[in-house]
Number of protein chains: 2
Amino acid sequence: MGKQKKFLTCDGNQAASHVSYMFSEIAAIYPITPSSTMAEYVDEWAATGRKNIFGETVLVQEMQSEAGAAGALHGSLQAGALSTTYTASQGLLLMIPNMYKIAGELLPGVFHVSARTVASHSLSIFGDHSDVMACRQTGFAMLAEGSVQEVMDLAGIAHLAAIKARVPFLNFFDGFRTSHEMQKIERLDNEDLIPLIDQQALAEFRARAMNPDNPVIRGMAQNPDNFFQHKEACNRYFDAVPDIVAGYMNEITKITGREYKPFVYYGAKDADRVIIAMGSVTEAIRETIDYLNAQGEKVGMVAVHLYRPFSVKYLADVVPATVKRISVLDRTKEPGASGEPLYLDVVEAFAQSKYFAGMDKPVIVGGRYGLSSKDTTPAQILSVFENLSLPEPKNRFTIGIVDDLTFSSLPQKEEITLGDETLYEAKFYGLGADGTVGANKNSIKIIGDNTDKYSQAYFQYDSKKSGGFTCSHLRFGDNPIRSTYYVNTPNFVACHVQAYLRLYDVTRGLRENGTFLLNTIWNEEELAQHLPNKVKRYFAQKNITVYYINATDIASEIGLGNRTNTILQSAFFRITQVIPVDLAIEQMKKFIVKSYGSKGQSIVDKNNAAVDRGGEYKQLTVDKAWANLPDDEQETNNEPAHIAGLVRPINALAGDLLPVSAFKGMEDGTWLPGTSKFEKRGVAVSVPRWKSECCIQCNKCAYVCPHASIRPFVLDENEMKGVNFTTLEMKAPAAMKGMQFRIQVSV
Amino acid sequence: MGKQKKFLTCDGNQAASHVSYMFSEIAAIYPITPSSTMAEYVDEWAATGRKNIFGETVLVQEMQSEAGAAGALHGSLQAGALSTTYTASQGLLLMIPNMYKIAGELLPGVFHVSARTVASHSLSIFGDHSDVMACRQTGFAMLAEGSVQEVMDLAGIAHLAAIKARVPFLNFFDGFRTSHEMQKIERLDNEDLIPLIDQQALAEFRARAMNPDNPVIRGMAQNPDNFFQHKEACNRYFDAVPDIVAGYMNEITKITGREYKPFVYYGAKDADRVIIAMGSVTEAIRETIDYLNAQGEKVGMVAVHLYRPFSVKYLADVVPATVKRISVLDRTKEPGASGEPLYLDVVEAFAQSKYFAGMDKPVIVGGRYGLSSKDTTPAQILSVFENLSLPEPKNRFTIGIVDDLTFSSLPQKEEITLGDETLYEAKFYGLGADGTVGANKNSIKIIGDNTDKYSQAYFQYDSKKSGGFTCSHLRFGDNPIRSTYYVNTPNFVACHVQAYLRLYDVTRGLRENGTFLLNTIWNEEELAQHLPNKVKRYFAQKNITVYYINATDIASEIGLGNRTNTILQSAFFRITQVIPVDLAIEQMKKFIVKSYGSKGQSIVDKNNAAVDRGGEYKQLTVDKAWANLPDDEQETNNEPAHIAGLVRPINALAGDLLPVSAFKGMEDGTWLPGTSKFEKRGVAVSVPRWKSECCIQCNKCAYVCPHASIRPFVLDENEMKGVNFTTLEMKAPAAMKGMQFRIQVSV
């Protein structure tokens with residue numbers, strides 16, 4: 001590494017598309033969450049003329065479904081073009097038939113997959129390995145990464161090894177964790193990877209292309225007499241993959257200084273307990289191993305990078321001879337199987353392989369974790385290691401949930417704070433489409449690009465989109481950040497929505513002596529009066545420094561409507577001083593030009609004003625007496641069990657605490673209708689009012705209200721009896737002459 | 001079994017549809033080979049008003065693809081209708097996304113699958129388990145059968161258990177073996193199975209139907225906070241399946257007298273070597289076990305019926321405690337896996353389960369067999385047992401092929417003749433669409449329906465359809481027939497196509513003192529002259545009784561064109577006398593009415609005449625001196641290696657003998673074009689001739705010739721120089737006036 005390091009703050013999708021662009025000639029796409037931005041980046045770069053390694057612009061073709069994308073990919077590979085696609089979940093399932101063909105015909109196609117839950121009892125846009133595991137039998141090689149940096153480092157190997165080995169690759173990383181987690185990482189560019197291409201293999205691939213000058217037949221039908229023999233003829237290509245991948249990993253190690261192998265070991269050299277896992281959980285496991293080994297324990301982990309072909313030789317190379325107990329973690333659930341896929345593979349390896357023949361057989365157990373992006377924390381990993389210390393470790397366990405129906409879950413442990421003393425963690429509660437997430441994306445780039453600090457940002461959404469809940473989880477520190485889970489112990493919390501104080505437990509986990517920033521229309525006196533007792537008590541007990549700002553009014557004054565994001569971003573930089581305030585202001589204004597430049601100078605000016613007015617926060621005096629406040633009185637409602645037991649906790653962001661038994665009776669995905677009426681979010685800072693003096697009875701207000709809160713009514717003589725609200729005489733139609741009209745706004 | 005047994009001669013597809021009709025209210029279909037006839041039977045029965053168990057006619061709806069069929073099925077299940085589909089291979093792959101939904105929503109759907117190869121390096125319409133294994137992670141329960149009788153007995157359990165367990169079932173059997181093998185079997189009817197329905201579970205299923213009067217929401221989106229818990233809530237439904245299935249198997253055992261369990265053991269109680277397998281191979285294994293144990297060996301087999309959920313408890317129930325070595329056979333190949341699916345499951349069971357904790361761990365190896373309907377014979381099973389006797393049994397082996405590239409194959413052994421002395425085996429070589437297969441289907445029914453004999457027929461096709469090769473394999477005997485492979489040692493061989501004498505080795509395996517019937521236009525003298533030396537030698541050495549008949553001329557005389565099938569069927573019954581000739585004639589005529597009645601009395605009369613003239617065969621005098629004839633001289637051609645090494649053996653029905661290395665260099669499914677010109681099959685008994693005196697130069701003869709053998713030519717003055725064939729003056733167009741016209745027929 002004589003060269004200067006090049007850094008980039010990006011998410012896993014960007015890292016994958018950055019590298020895959022280099023090696024692609026054709027991208028056949030049909031974007032699906034959470035892979036969409038991969039295809040979008042490649043499309044955008046192609047539109048702006050970025051060149052791949054061969055000096056060409058990638059030809060991007062959007063098809064009419066993922067099945068079409070896979071078919072186009074198959075065809076373009078047979079025509080001799082290096083071809084790539086990006087997909088996930090059901091999209092990947094639609095590609096399965098073509099995957100068998102692409103693998104059977106030894107074509108170097110590459111799929112980049114942000115692994116996502118396959119819909120079963122319900123749909124989920126979030127991440128686990130159920131989609132990629134549905135492809136493990138197709139003949140594709142499978143490569144897995146656990147962090148944004150790993151995606152940058154290894155995604156190219158999928159392309160390089162596909163060319164050299166003539167075996168297609170499915171390269172995957174965790175959807176809605178790695179795919180959407182922003183990290184400051186080292187970048188690889190064309191010139192780093194060009195020397196690794198096997199030019200002869202590439203030339204041979206192109207020479208095999210189907211064209212009229214060199215006609216061959218592919219896609220034959222074969223009969224029972226010779227199909228089987230032909231099918232076995234491919235063995236040596238698959239047998240060669242692990243060595244080819246290992247060779248490329250060695251090259252990448254030389255380039256990056258980061259050690260890669262088909263299986264990477266981390267932890268004590270003489271570990272007695274080892275976890276085997278793949279994907280983003282390996283980062284959280286690394287943190288937990290450091291924590292445990294620092295206390296004198298001897299634990300370790302094997303991170304799986306090359307999952308297919310599954311090379312027991314390379315696995316055996318890294319497993320310490322001292323291991324007594326192994327726990328395999330799978331991020332998928334296959335009902336009816338004796339265990340999940342990686343567990344079955346590991347059991348076979350230790351039970352059957354000559355590579356482990358010499359050693360005492362370790363006890364092996366397997367468990368499920370993190371389905372549908374269930375946050376997987378160091379506390380859960382601690383329980384996995386504790387399970388391994390039991391006389392009879394539990395097999396087929398789950399972590400991260402309480403299974404009080406079939407008792408699969410390991411005991412839950414309290415969350416722990418990991419990371420060194422340079423780590424700074426911040427959390428921002430916002431409203432979907434209020435700009436908080438966008439501002440935080442800029443903030444993490446500002447910090448990443450202007451300091452030596454490593455940075456990470458992850459954005460937690462519900463699926464209610466505009467108006468729903470968002471929480472931005474930011475971390476920065478002097479060392480690469482491996483915390484692949486929510487910020488649970490923030491130094492700083494910003495609550496951009498006053499109503500959240502009562503809806504959610506916004507102070508949860510805020511560290512002692514931490515900082516809290518509230519966007520509120522209340523003044524100091526009103527705050528002291530209206531803040532929930534629970535919040536006040538937390539402030540006093542934990543010695544929190546509390547700031548407040550009326551960004552809502554400021555935004556309105558500037559002419560930004562309800563876009564408070566820039567004001568609050570500015571307040572964050574000023575309060576925390578994570579970088580010098582002047583630099584922060586300069587950079588925020590630079591990003592404003594980038595974000596809003598295309599919308600005109602007026603919008604830029606307004607946002608610049610917002611940066612300047614971000615200093616208008618005040619400090620709230622925290623009364624020490626608050627430390628002893630009792631809980632606020634709870635409203636008790638006679639709500640249906642379904643609402644009280646499920647809808648309320650989920651809406652209050654306490655869904656993670658629901659045990660499995662909460663879903664008893666609705667195992668088949670049944671949900672009861674009519675829940676909206678119990679869900680008054682009350683997050684609006686202003687509500688519409690009917691101005692009867694201006695009303696022309698056009699009813700367009702009702703038409704445009706997305707919540708059906710604004711409704712027109714017509715009242716006849718009988719209905720008018722005893723009313724005490726304003727009405728207007730009906731203007732039309734004739735049949736309604738003499739009746740009264742009113743617009744009713746329900747809030 | 002106080003009741004009288006009801007017999008039926010049918011194939012596996014008919015057995016499956018017969019039973020599934022009883023339990024279906026809706027069938028959403030998109031027929032695909034080799035499952036097509038299942039959907040067709042159900043469609044036909046529905047059209048003729050057959051009633052299911054509930055007294056209803058099944059509503060059959062053909063969709064626009066298998067994806068549509070699966071979607072319709074999902075919808076109709078949610079609407080409370082018991083719904084079924086029939087599919088295979090790529091069709092099944094298209095259903096995968098909906099399978100996750102149907103399983104996740106605990107809906108009692110049933111798929112009947114005639115398991116077929118998934119296309120990879122090439123397509124195959126034949127059978128293996130690669131399609132069903134691609135669904136093992138979906139949550140469907142999976143039930144497997146190995147014979148037509150088992151399909152009849154167990155297919156209903158898929159429906160019954162789905163209703164009781166609320167878990168959908170994929171019921172499968174081997175495509176193009178069990179699906180198309182005709183057997184005389186015992187039949188189950190509505191009244192046998194009605195008492196087994198869990199009426200309460202059925203009522204509850206119907207009560208859960210989505211309808212406006214009882215609105216619920218299904219198909220929700222869930223977020224990371226609660227998806228995982230909800231997903232684990234279903235565990236107890238899957239946990240309950242094995243006991244439910246075992247309970248129903250017990251009931252079926254009571255009804256049929258045949259013993260069924262989730263895993264069925266067959267063989268020595270104190271076996272030291274055991275095979276674990278599923279599908280039709282279990283029948284051939286049973287035969288081989290009897291053969292070996294009769295010689296004092298101690299071997300056995302576990303036949304898997306319930307593959308998912310995989311219940312180690314039920315497996316452990318049947319494995320003999322004496323077992324030292326186990327060989328797991330999988331009919332699929334998953335490149336990149338450490339082993340195939342059933343092998344991985346068995347390894348896990350013995351390595352990890354408490355049910356095997358007490359026993360000495362047996363050595364376990366796994367192997368592949370029968371991909372794409374590769375015939376799996378007792379000789380191959382012998383090599384599996386021999387492998388288990390080696391000091392270090394080979395793992396990850398193949399059988400039925402010679403793998404001289406990666407050396408996976410076990411040594412091949414000579415075929416053995418199994419079956420008791422009452423077994424009669426016959427083989428009929430025919431031409432695609434010549435009626436041989438249809439006639440043999442009738443023959444097997446005639447024998448099955450009119451005698452106490454068990455019967456079996458299997459029809460071997462290439463995929464060239466009309467004009468291609470067919471071979472009918474018929475067996476009958478006093479005991480149920482378990483030979484799930486080609487007839488290799490026939491008592492009787494009929495060759496319906498004279499040209500096959502030189503093309504194929506038609507006497508291969510014909511038993512000593514056996515019988516041979518040839519359809520030929522040659523007389524005795526010509527036969528003695530033209531028969532290949534190899535054939536003559538075989539006749540003499542093996543003391544074969546040889547008959548010949550000119551069915552071609554007889555059919556022409558009767559007015560049946562080239563439909564020789566009925567004449568030859570009649571000759572078969574007269575020669576072999578497997579049933580009294582009078583009865584055979586009566587029955588053949590009955591089936592003629594059934595087969596051709598709808599085409600008019602004239603066709604029926606002609607076929608009746610064909611039956612009567614089937615006695616016009618003669619016996620050929622076999623000269624004892626033929627026993628010493630040398631081989632015929634071989635024509636040696638300087639053909640390309642591709643033709644000589646691959647195309648010729650495959651066309652000569654010797655493709656089974658090709659080693660894996662024959663496909664080196666074309667592992668990706670590449671084939672060379674231009675093979676047809678080397679493939680003069682020469683099977684036509686008459687060829688077209690140009691009658692220039694009748695020709696009006698319309699060129700329609702060239703237009704209708706499917707082989708492009710009839711081509712029109714125009715010759716100008718220069719081209720006419722020195723020609724010695726007939727030409728006509730061109731009639732049109734004006735520009736060609738004065739030129740000469742000719743139709744050229746290439747044969």
# chains A, B, ... in the order shown; residues from 1 in each chain; ligands from 1
>>> interface_residues(of="chain A", to="chain B", cutoff="6 Å", atoms="only C-alpha atoms", output="ChimeraX atom specification")
/A:100-101,104-106,120-124,137,139,216-222,224-226,228-230,233-234,308-310,334-337,371-374,655-656,660,663,667-673
>>> residues_around(residues="A:Phe573", least_positions_apart="4", cutoff="12 Å", atoms="only C-alpha atoms", output="PyMOL selection string")
chain A and resi 426+439-440+442-444+446-447+492+494+517+566-569+577-588+611-612+614-615+617
>>> write_last_selection(atoms="N, CA and C atoms", output="CSV table (one decimal), in the first residue's frame")
chain,number,residue,atom,x,y,z
A,426,ALA,N,-25.1,9.2,17.9
A,426,ALA,CA,-26.2,10.2,17.9
A,426,ALA,C,-27.4,9.6,17.3
A,439,ALA,N,-30.7,15.3,5.6
A,439,ALA,CA,-29.7,16.1,6.3
A,439,ALA,C,-28.6,15.3,7.0
A,440,ASN,N,-29.0,14.2,7.6
A,440,ASN,CA,-28.1,13.3,8.3
A,440,ASN,C,-27.1,12.6,7.3
A,442,ASN,N,-26.1,14.0,4.6
A,442,ASN,CA,-25.1,15.0,4.4
A,442,ASN,C,-24.1,15.2,5.6
A,443,SER,N,-24.7,15.2,6.8
A,443,SER,CA,-23.8,15.3,8.0
A,443,SER,C,-22.7,14.3,8.0
A,444,ILE,N,-23.1,13.0,7.7
A,444,ILE,CA,-22.1,11.9,7.8
A,444,ILE,C,-21.0,12.1,6.8
A,446,ILE,N,-20.1,15.0,5.5
A,446,ILE,CA,-19.3,16.2,6.0
A,446,ILE,C,-18.2,15.7,7.0
A,447,ILE,N,-18.7,14.9,7.9
A,447,ILE,CA,-17.7,14.5,9.0
A,447,ILE,C,-16.7,13.6,8.3
A,492,PHE,N,-25.9,11.6,22.1
A,492,PHE,CA,-26.8,12.7,21.7
A,492,PHE,C,-28.1,12.2,21.1
A,494,ALA,N,-31.6,13.9,19.2
A,494,ALA,CA,-32.4,15.0,18.7
A,494,ALA,C,-33.8,14.5,18.4
A,517,LEU,N,-31.6,17.4,22.2
A,517,LEU,CA,-32.1,18.6,21.5
A,517,LEU,C,-33.5,18.3,21.1
A,566,THR,N,-32.7,21.6,7.8
A,566,THR,CA,-31.4,22.3,7.8
A,566,THR,C,-31.1,23.1,9.1
A,567,ILE,N,-32.2,23.6,9.6
A,567,ILE,CA,-32.0,24.4,10.9
A,567,ILE,C,-31.5,23.4,12.0
A,568,LEU,N,-32.2,22.2,12.1
A,568,LEU,CA,-31.8,21.3,13.1
A,568,LEU,C,-30.4,20.7,12.9
A,569,GLN,N,-30.1,20.5,11.6
A,569,GLN,CA,-28.7,20.0,11.3
A,569,GLN,C,-27.7,21.0,11.8
A,577,GLN,N,-20.3,20.2,18.3
A,577,GLN,CA,-19.0,20.5,17.9
A,577,GLN,C,-18.1,19.3,17.5
A,578,VAL,N,-18.7,18.4,16.8
A,578,VAL,CA,-18.0,17.2,16.4
A,578,VAL,C,-16.9,17.6,15.4
A,579,ILE,N,-17.2,18.7,14.6
A,579,ILE,CA,-16.1,19.3,13.8
A,579,ILE,C,-16.2,20.8,14.1
A,580,PRO,N,-15.2,21.6,13.8
A,580,PRO,CA,-15.3,23.0,14.1
A,580,PRO,C,-16.5,23.6,13.4
A,581,VAL,N,-17.2,24.5,14.2
A,581,VAL,CA,-18.5,25.0,13.7
A,581,VAL,C,-18.3,25.8,12.3
A,582,ASP,N,-17.2,26.5,12.2
A,582,ASP,CA,-17.1,27.3,10.9
A,582,ASP,C,-17.0,26.3,9.7
A,583,LEU,N,-16.2,25.2,9.9
A,583,LEU,CA,-16.1,24.2,8.9
A,583,LEU,C,-17.4,23.6,8.6
A,584,ALA,N,-18.2,23.3,9.7
A,584,ALA,CA,-19.5,22.7,9.5
A,584,ALA,C,-20.4,23.6,8.7
A,585,ILE,N,-20.4,24.8,9.0
A,585,ILE,CA,-21.3,25.8,8.3
A,585,ILE,C,-20.9,25.9,6.8
A,586,GLU,N,-19.6,26.0,6.6
A,586,GLU,CA,-19.1,26.0,5.2
A,586,GLU,C,-19.6,24.8,4.4
A,587,GLN,N,-19.4,23.6,5.0
A,587,GLN,CA,-19.7,22.4,4.4
A,587,GLN,C,-21.2,22.2,4.2
A,588,MET,N,-22.0,22.6,5.2
A,588,MET,CA,-23.5,22.5,5.1
A,588,MET,C,-23.9,23.3,3.9
A,611,VAL,N,-29.3,27.5,7.9
A,611,VAL,CA,-28.0,27.2,8.5
A,611,VAL,C,-27.6,28.2,9.6
A,612,ASP,N,-27.8,29.5,9.1
A,612,ASP,CA,-27.4,30.6,10.0
A,612,ASP,C,-28.3,30.7,11.2
A,614,GLY,N,-29.6,28.2,12.7
A,614,GLY,CA,-29.6,27.0,13.6
A,614,GLY,C,-29.0,27.2,14.9
A,615,GLY,N,-28.4,28.4,15.1
A,615,GLY,CA,-27.8,28.8,16.4
A,615,GLY,C,-28.8,29.2,17.4
A,617,TYR,N,-30.9,28.1,19.3
A,617,TYR,CA,-31.4,27.2,20.3
A,617,TYR,C,-31.2,27.7,21.7
>>> atom_distance(atom1="atom CA of B:Met38", atom2="atom CA of B:Gly468")
24.7 Å
>>> select_by_dssp(residues="stretch 588-745 of chain B", states="strand (DSSP E)", output="PyMOL selection string")
chain B and resi 618-620+710-715+728-729+740-745
>>> write_last_selection(atoms="N, CA and C atoms", output="JSON list (two decimals), in the first residue's frame")
[["chain", "number", "residue", "atom", "x", "y", "z"],
["B", 618, "LYS", "N", -45.20, -66.26, -39.74],
["B", 618, "LYS", "CA", -44.56, -67.55, -40.05],
["B", 618, "LYS", "C", -43.35, -67.72, -39.15],
["B", 619, "GLN", "N", -42.92, -68.92, -38.97],
["B", 619, "GLN", "CA", -41.71, -69.14, -38.18],
["B", 619, "GLN", "C", -40.51, -69.22, -39.11],
["B", 620, "LEU", "N", -39.45, -68.58, -38.74],
["B", 620, "LEU", "CA", -38.21, -68.59, -39.51],
["B", 620, "LEU", "C", -37.37, -69.77, -39.06],
["B", 710, "ILE", "N", -38.07, -33.07, -50.49],
["B", 710, "ILE", "CA", -38.65, -32.84, -51.81],
["B", 710, "ILE", "C", -38.40, -31.38, -52.17],
["B", 711, "ARG", "N", -37.58, -31.16, -53.23],
["B", 711, "ARG", "CA", -37.25, -29.78, -53.55],
["B", 711, "ARG", "C", -37.40, -29.52, -55.05],
["B", 712, "PRO", "N", -37.97, -28.40, -55.41],
["B", 712, "PRO", "CA", -38.08, -28.04, -56.82],
["B", 712, "PRO", "C", -36.80, -27.35, -57.31],
["B", 713, "PHE", "N", -36.42, -27.63, -58.54],
["B", 713, "PHE", "CA", -35.26, -26.97, -59.13],
["B", 713, "PHE", "C", -35.63, -26.40, -60.51],
["B", 714, "VAL", "N", -34.97, -25.31, -60.87],
["B", 714, "VAL", "CA", -35.11, -24.75, -62.22],
["B", 714, "VAL", "C", -33.72, -24.71, -62.84],
["B", 715, "LEU", "N", -33.62, -25.19, -64.05],
["B", 715, "LEU", "CA", -32.31, -25.24, -64.69],
["B", 715, "LEU", "C", -32.33, -24.40, -65.97],
["B", 728, "LEU", "N", -39.19, -30.88, -67.08],
["B", 728, "LEU", "CA", -40.36, -30.35, -67.77],
["B", 728, "LEU", "C", -40.07, -28.91, -68.17],
["B", 729, "GLU", "N", -40.76, -28.43, -69.17],
["B", 729, "GLU", "CA", -40.63, -27.01, -69.51],
["B", 729, "GLU", "C", -41.28, -26.17, -68.43],
["B", 740, "GLN", "N", -35.96, -25.24, -67.59],
["B", 740, "GLN", "CA", -36.47, -26.58, -67.32],
["B", 740, "GLN", "C", -36.75, -26.75, -65.83],
["B", 741, "PHE", "N", -37.78, -27.51, -65.51],
["B", 741, "PHE", "CA", -38.24, -27.69, -64.13],
["B", 741, "PHE", "C", -38.09, -29.16, -63.73],
["B", 742, "ARG", "N", -37.75, -29.34, -62.46],
["B", 742, "ARG", "CA", -37.66, -30.71, -61.97],
["B", 742, "ARG", "C", -37.91, -30.74, -60.46],
["B", 743, "ILE", "N", -38.59, -31.78, -59.99],
["B", 743, "ILE", "CA", -38.69, -32.04, -58.55],
["B", 743, "ILE", "C", -37.68, -33.13, -58.22],
["B", 744, "GLN", "N", -36.83, -32.82, -57.26],
["B", 744, "GLN", "CA", -35.79, -33.77, -56.84],
["B", 744, "GLN", "C", -36.16, -34.32, -55.46],
["B", 745, "VAL", "N", -36.17, -35.62, -55.33],
["B", 745, "VAL", "CA", -36.45, -36.22, -54.01],
["B", 745, "VAL", "C", -35.16, -36.84, -53.48]]
>>> residues_around(residues="B:Lys298", least_positions_apart="4", cutoff="10 Å", atoms="only C-alpha atoms", output="list in words")
Gly267, Ala268, Lys269, Asp270, Ala271, Asp272, Arg273, Val274, Ile289, Asp290, Leu292, Asn293, Ala294, Thr322 and Val323 of chain B
>>> residues_around(residues="B:Thr545", least_positions_apart="6", cutoff="8 Å", atoms="only C-alpha atoms", output="ChimeraX atom specification")
/B:513-516,539,619-620,622
>>> select_by_dssp(residues="stretch 410-620 of chain B", states="alpha helix (DSSP H)", output="PyMOL selection string")
chain B and resi 436-450+500-503+524-530+533-541+551-558+565-576+581-596+601-613
>>> residues_around(residues="B:Asp153", least_positions_apart="3", cutoff="10 Å", atoms="only C-alpha atoms", output="PyMOL selection string")
chain B and resi 15-16+19+145+147-150+156-157+185-188+249+252-253+255-256+258+260
>>> write_last_selection(atoms="N, CA, C and O atoms", output="short mmCIF file (atom, residue, chain, number, x, y, z; two decimals), in the first residue's frame")
data_model
loop_
_atom_site.label_atom_id
_atom_site.label_comp_id
_atom_site.auth_asym_id
_atom_site.auth_seq_id
_atom_site.Cartn_x
_atom_site.Cartn_y
_atom_site.Cartn_z
N ALA B 15 -53.27 -42.30 -11.16
CA ALA B 15 -53.51 -42.63 -9.75
C ALA B 15 -53.58 -41.35 -8.91
O ALA B 15 -54.47 -41.17 -8.08
N ALA B 16 -52.63 -40.44 -9.16
CA ALA B 16 -52.59 -39.19 -8.38
C ALA B 16 -53.83 -38.34 -8.66
O ALA B 16 -54.43 -37.78 -7.74
N VAL B 19 -57.07 -39.78 -7.04
CA VAL B 19 -57.24 -39.50 -5.61
C VAL B 19 -57.42 -38.00 -5.38
O VAL B 19 -58.26 -37.58 -4.59
N GLU B 145 -43.52 -40.84 -3.24
CA GLU B 145 -43.92 -42.21 -3.50
C GLU B 145 -43.00 -42.85 -4.52
O GLU B 145 -42.42 -42.16 -5.34
N SER B 147 -43.95 -45.93 -6.29
CA SER B 147 -44.62 -46.81 -7.25
C SER B 147 -46.04 -46.31 -7.48
O SER B 147 -46.55 -45.47 -6.73
N VAL B 148 -46.66 -46.83 -8.53
CA VAL B 148 -48.02 -46.40 -8.86
C VAL B 148 -48.97 -46.73 -7.71
O VAL B 148 -49.83 -45.93 -7.35
N GLN B 149 -48.78 -47.91 -7.11
CA GLN B 149 -49.63 -48.30 -5.98
C GLN B 149 -49.45 -47.33 -4.81
O GLN B 149 -50.41 -46.95 -4.16
N GLU B 150 -48.19 -46.95 -4.55
CA GLU B 150 -47.96 -46.00 -3.46
C GLU B 150 -48.61 -44.65 -3.74
O GLU B 150 -49.11 -43.98 -2.83
N GLY B 156 -53.71 -39.33 -1.21
CA GLY B 156 -54.79 -38.78 -0.40
C GLY B 156 -54.30 -38.20 0.91
O GLY B 156 -54.89 -37.26 1.46
N ILE B 157 -53.21 -38.75 1.42
CA ILE B 157 -52.68 -38.25 2.70
C ILE B 157 -52.21 -36.81 2.57
O ILE B 157 -52.31 -36.02 3.50
N ILE B 185 -52.99 -52.02 -10.21
CA ILE B 185 -52.92 -51.70 -8.79
C ILE B 185 -54.31 -51.79 -8.15
O ILE B 185 -55.32 -51.81 -8.85
N GLU B 186 -54.32 -51.81 -6.83
CA GLU B 186 -55.60 -51.72 -6.11
C GLU B 186 -56.04 -50.27 -6.04
O GLU B 186 -55.23 -49.38 -5.84
N ARG B 187 -57.35 -50.10 -6.18
CA ARG B 187 -57.90 -48.76 -6.29
C ARG B 187 -58.54 -48.34 -4.96
O ARG B 187 -59.11 -49.15 -4.25
N LEU B 188 -58.41 -47.05 -4.65
CA LEU B 188 -59.17 -46.47 -3.53
C LEU B 188 -60.27 -45.60 -4.11
O LEU B 188 -60.09 -44.96 -5.16
N MET B 249 -51.11 -42.49 7.78
CA MET B 249 -50.48 -43.66 7.17
C MET B 249 -50.96 -44.94 7.85
O MET B 249 -51.19 -45.96 7.21
N ILE B 252 -54.30 -45.70 6.46
CA ILE B 252 -54.18 -46.25 5.09
C ILE B 252 -53.67 -47.69 5.16
O ILE B 252 -54.10 -48.55 4.38
N THR B 253 -52.78 -47.95 6.08
CA THR B 253 -52.29 -49.32 6.26
C THR B 253 -53.46 -50.24 6.61
O THR B 253 -53.57 -51.36 6.09
N ILE B 255 -56.57 -49.84 5.82
CA ILE B 255 -57.46 -50.00 4.66
C ILE B 255 -56.85 -50.90 3.61
O ILE B 255 -57.52 -51.76 3.03
N THR B 256 -55.55 -50.73 3.36
CA THR B 256 -54.92 -51.41 2.21
C THR B 256 -54.18 -52.67 2.59
O THR B 256 -53.87 -53.50 1.72
N ARG B 258 -51.20 -52.59 3.30
CA ARG B 258 -49.79 -52.30 2.98
C ARG B 258 -49.26 -51.33 4.04
O ARG B 258 -49.91 -50.32 4.32
N TYR B 260 -47.46 -48.43 5.76
CA TYR B 260 -46.88 -47.12 5.47
C TYR B 260 -46.53 -46.39 6.75
O TYR B 260 -47.26 -46.45 7.74
#
